[in-house]
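First up is the structure itself, then whatever we jot down about it.
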Amino acid sequence: MSENTVVGKTPAPITRQSIIQDLLRLGVRPGMTIIVHSSLSALGWVCGGAPTVVSALMDVITEDGTIVMPTQTGNYSDPANWSRPPVPQPWWEIIYEAMPAFDPLTTPSFKMGVIAENFRTTPGVVRSNHPQVSFAAWGKHAQQIIADHSLTYGLGEQSPLARIYDLAGWVLLLGVGYDNDTSFHLAEYRSPGAKEVVLGAPIIEDGKRIWKRFADIDIDSELFPQIGALFEERGHVTINRVGIAECRLFSQPASVDFAVDWYVRARRGL
């Protein structure tokens, strides 16, 4: 979306203070553990851009709470599986040998949006060490959430998603839909019948850069909008505007449990 289009849709400039007021109206509170999925352009014209949104979130949550954002790097993956766009097969071996190893400090996120990328580089924010599905965190439980992020089954029980669940965290969809809700992937892992796959990425192991293959499941967000809509129908979601965007706030554990039940029924054909 062009800046002209965003300006044309925004009745008045959106500021740090107006975002704070909108977040409080939505139900975001100091001390929460919250995972945020976001779109800057959806909010309207924000004075100061992504840093303004990050600062407003930190102002509301405070250091007594914790903010988490996905900083995934789907481009650090097996080129044999790339489809948008694919690359010629003769390139694969070159990529296996030459792609730089993932570095949680310097590797940028990929297609996560400018708010998440700005958050990643904000002082005090830490990041988990997974080459494809890392998360960045700030606040009271940041280290606890990102620590020991397992290379295998990267969105499962040894992931930041599971730690957010343990902390009774919240999901904030800031101008995006349920298709962006990474927490639903945890439900895929917790539901019997997931397809096993082998993935690969460049990492540092024993001080050397290697191409590492590891076990995971075949995750798919295609059904997330359907699951989210049903969850919302049960009255578990608070909806209000931040800027000009319709935003949603809800319990992460409640949504994951709901999705597990949905997947179990779906995989049994119920």
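Identifiers in the structure tokens: chain A, B, ... in order shown; residue index from 1 per chain; ligand index from 1 in order shown.
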Produce a table with one row for each residue of segment 61-155 of chain A that has an atom at most 12 Å from any atom of segment 189-198 of chain A, each row naming the nearest atom pair and its distance in Å at one decimal; use only C-alpha atoms; arrange rows by chain and rising residue number; format as a Markdown table.
| residue | atom | partner | partner_atom | distance |
| --- | --- | --- | --- | --- |
| A:Ser77 | CA | A:Val198 | CA | 10.9 |
| A:Asp78 | CA | A:Val198 | CA | 9.6 |
| A:Ala80 | CA | A:Val198 | CA | 11.7 |
| A:Asn81 | CA | A:Val198 | CA | 10.8 |
| A:Leu151 | CA | A:Val198 | CA | 11.5 |
| A:Thr152 | CA | A:Val198 | CA | 9.2 |
| A:Tyr153 | CA | A:Tyr189 | CA | 8.1 |
| A:Gly154 | CA | A:Tyr189 | CA | 9.8 |
| A:Leu155 | CA | A:Tyr189 | CA | 7.6 |
Can I get the residues of segment 218-255 of chain A within 12 Å of segment 1-10 of chain A, each with the closest pair of atoms and their distance in Å to one decimal, using only C-alpha atoms, sorted chain first then ascending number, as JSON lines?
{"residue": "A:Val242", "atom": "CA", "partner": "A:Thr10", "partner_atom": "CA", "distance": 11.8}
{"residue": "A:Gly243", "atom": "CA", "partner": "A:Thr10", "partner_atom": "CA", "distance": 8.2}
{"residue": "A:Ile244", "atom": "CA", "partner": "A:Thr10", "partner_atom": "CA", "distance": 6.9}
{"residue": "A:Ala245", "atom": "CA", "partner": "A:Thr10", "partner_atom": "CA", "distance": 10.1}
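Pairwise distance (atom CA of Ala187 of chain A, atom CA of Trp262 of chain A) equals 9.1 Å.
The shell of residues at most 10 Å from Tyr165 of chain A, with only C-alpha atoms counted and near chain neighbours (fewer than 5 positions) removed, consists of Thr33, Ile145, Glu157, Pro160, Trp170, Ser183, Leu186, Ser251, Gln252, Pro253, Ala254, Ser255, Val256 and Asp257 of chain A.
Reported to one decimal place, the separation of atom CA of Gly27 of chain A from atom CA of Gly228 of chain A is 18.7 Å.
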Under the rule that only C-alpha atoms are counted, which of A:Val53, A:Val260, A:Cys247, A:Val28 is the nearest residue to Leu173 of chain A?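 That would be A:Cys247, the residue with the smallest distance to Leu173 of chain A.
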Out of A:Glu222, A:Met99, A:His149, A:Glu233, which residue has the shortest atom-to-atom distance to Arg209 of chain A when counting only C-alpha atoms? A:Met99
Which of segment 37-105 of chain A fall in strand (DSSP E or B), as a list in words: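 Result set for segment 37-105 of chain A (strand (DSSP E or B)): His37, Ser38, Val46, Thr66, Ile67, Val68, Met69 and Pro70 of chain A.
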For each of A:Asp220, A:Asp64, A:Asp206, A:Glu188, take the minimum atom-to-atom distance to Ala259 of chain A, counting only C-alpha atoms, then give the residue where this is smallest.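 For Ala259 of chain A, the nearest of the candidates is A:Glu188.
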For Ile34 of chain A: contacts at 9 Å, only C-alpha atoms, fewer than 5 positions along chain excluded, given as a short mmCIF file (atom, residue, chain, number, x, y, z; two decimals) with all heavy atoms, in the first residue's frame:
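Contents of result-v6.cif, freshly written:
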data_model
loop_
_atom_site.label_atom_id
_atom_site.label_comp_id
_atom_site.auth_asym_id
_atom_site.auth_seq_id
_atom_site.Cartn_x
_atom_site.Cartn_y
_atom_site.Cartn_z
N VAL A 28 -5.30 -4.04 26.39
CA VAL A 28 -3.89 -4.31 26.68
C VAL A 28 -3.55 -3.60 28.00
O VAL A 28 -3.90 -2.45 28.20
CB VAL A 28 -2.99 -3.80 25.54
CG1 VAL A 28 -1.53 -4.11 25.85
CG2 VAL A 28 -3.40 -4.45 24.21
N ILE A 61 2.81 -1.96 28.06
CA ILE A 61 3.14 -3.24 28.71
C ILE A 61 4.06 -3.02 29.91
O ILE A 61 3.90 -3.69 30.94
CB ILE A 61 3.78 -4.19 27.68
CG1 ILE A 61 2.76 -4.59 26.62
CG2 ILE A 61 4.34 -5.44 28.37
CD1 ILE A 61 1.56 -5.36 27.13
N GLY A 65 5.93 -6.47 32.20
CA GLY A 65 5.34 -7.42 31.27
C GLY A 65 6.36 -7.83 30.22
O GLY A 65 7.55 -7.54 30.34
N THR A 66 5.88 -8.49 29.17
CA THR A 66 6.77 -9.00 28.14
C THR A 66 6.10 -8.88 26.77
O THR A 66 4.93 -9.26 26.63
CB THR A 66 7.14 -10.47 28.39
OG1 THR A 66 7.56 -10.64 29.74
CG2 THR A 66 8.25 -10.92 27.46
N ILE A 67 6.85 -8.36 25.81
CA ILE A 67 6.39 -8.30 24.43
C ILE A 67 7.19 -9.29 23.60
O ILE A 67 8.41 -9.37 23.73
CB ILE A 67 6.56 -6.89 23.85
CG1 ILE A 67 5.77 -5.86 24.66
CG2 ILE A 67 6.12 -6.85 22.38
CD1 ILE A 67 6.10 -4.42 24.30
N VAL A 68 6.49 -10.05 22.77
CA VAL A 68 7.13 -11.02 21.88
C VAL A 68 6.65 -10.75 20.46
O VAL A 68 5.48 -10.43 20.25
CB VAL A 68 6.78 -12.47 22.28
CG1 VAL A 68 7.53 -13.47 21.40
CG2 VAL A 68 7.06 -12.72 23.75
N MET A 69 7.54 -10.87 19.51
CA MET A 69 7.16 -10.79 18.09
C MET A 69 7.90 -11.86 17.31
O MET A 69 9.07 -12.15 17.61
CB MET A 69 7.47 -9.41 17.50
CG MET A 69 6.69 -8.27 18.11
SD MET A 69 6.85 -6.74 17.13
CE MET A 69 6.20 -5.55 18.31
N ILE A 164 5.08 -18.92 26.13
CA ILE A 164 4.00 -17.93 26.25
C ILE A 164 2.74 -18.61 26.80
O ILE A 164 2.04 -18.05 27.65
CB ILE A 164 3.72 -17.28 24.88
CG1 ILE A 164 4.94 -16.47 24.43
CG2 ILE A 164 2.48 -16.39 24.94
CD1 ILE A 164 4.88 -16.04 22.98
N GLY A 169 -0.14 -16.12 28.40
CA GLY A 169 0.03 -14.93 27.60
C GLY A 169 -1.18 -14.59 26.74
O GLY A 169 -2.21 -15.28 26.74
N TRP A 170 -1.04 -13.51 26.00
CA TRP A 170 -2.10 -12.97 25.15
C TRP A 170 -1.59 -12.82 23.72
O TRP A 170 -0.39 -12.67 23.49
CB TRP A 170 -2.56 -11.61 25.68
CG TRP A 170 -3.18 -11.70 27.03
CD1 TRP A 170 -2.52 -11.80 28.23
CD2 TRP A 170 -4.58 -11.74 27.33
NE1 TRP A 170 -3.44 -11.88 29.26
CE2 TRP A 170 -4.71 -11.85 28.74
CE3 TRP A 170 -5.73 -11.69 26.55
CZ2 TRP A 170 -5.94 -11.91 29.38
CZ3 TRP A 170 -6.98 -11.74 27.18
CH2 TRP A 170 -7.07 -11.85 28.58
N VAL A 171 -2.52 -12.82 22.79
CA VAL A 171 -2.23 -12.57 21.37
C VAL A 171 -2.84 -11.23 21.00
O VAL A 171 -4.02 -10.97 21.29
CB VAL A 171 -2.80 -13.67 20.46
CG1 VAL A 171 -2.56 -13.33 18.99
CG2 VAL A 171 -2.21 -15.03 20.80
N LEU A 172 -2.05 -10.38 20.35
CA LEU A 172 -2.54 -9.11 19.82
C LEU A 172 -2.37 -9.13 18.31
O LEU A 172 -1.25 -9.20 17.80
CB LEU A 172 -1.76 -7.94 20.42
CG LEU A 172 -2.04 -6.55 19.83
CD1 LEU A 172 -3.51 -6.16 19.97
CD2 LEU A 172 -1.13 -5.50 20.47
N GLN A 252 -3.88 -16.43 24.66
CA GLN A 252 -3.15 -17.39 23.83
C GLN A 252 -3.46 -18.83 24.23
O GLN A 252 -3.76 -19.67 23.37
CB GLN A 252 -1.66 -17.10 23.87
CG GLN A 252 -0.85 -17.81 22.78
CD GLN A 252 0.09 -18.86 23.33
OE1 GLN A 252 -0.18 -19.43 24.40
NE2 GLN A 252 1.18 -19.11 22.63
#
Which residue gives the smallest distance to Val176 of chain A among A:Gln21, A:Ser38, A:Ser159, A:Thr62, with only C-alpha atoms counted?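 The shortest atom-to-atom distance to Val176 of chain A comes from A:Ser38.
In terms of minimum interatomic distance to Tyr76 of chain A, A:His130 ranks closest within A:Arg234, A:His185, A:Lys140, A:His130, counting only C-alpha atoms.
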Check the smallest atom-to-atom distance from each of A:His37, A:Arg84, A:Arg163, A:Lys212 to Met112 of chain A using only C-alpha atoms, then report the winner.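 Ranked by minimum distance to Met112 of chain A, first place goes to A:His37.
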DSSP helix (DSSP H, G or I) selection over segment 18-181 of chain A, as a ChimeraX atom specification: /A:18-26,40-43,50-61,79-81,89-98,114-120,142-146,160-166,178-180
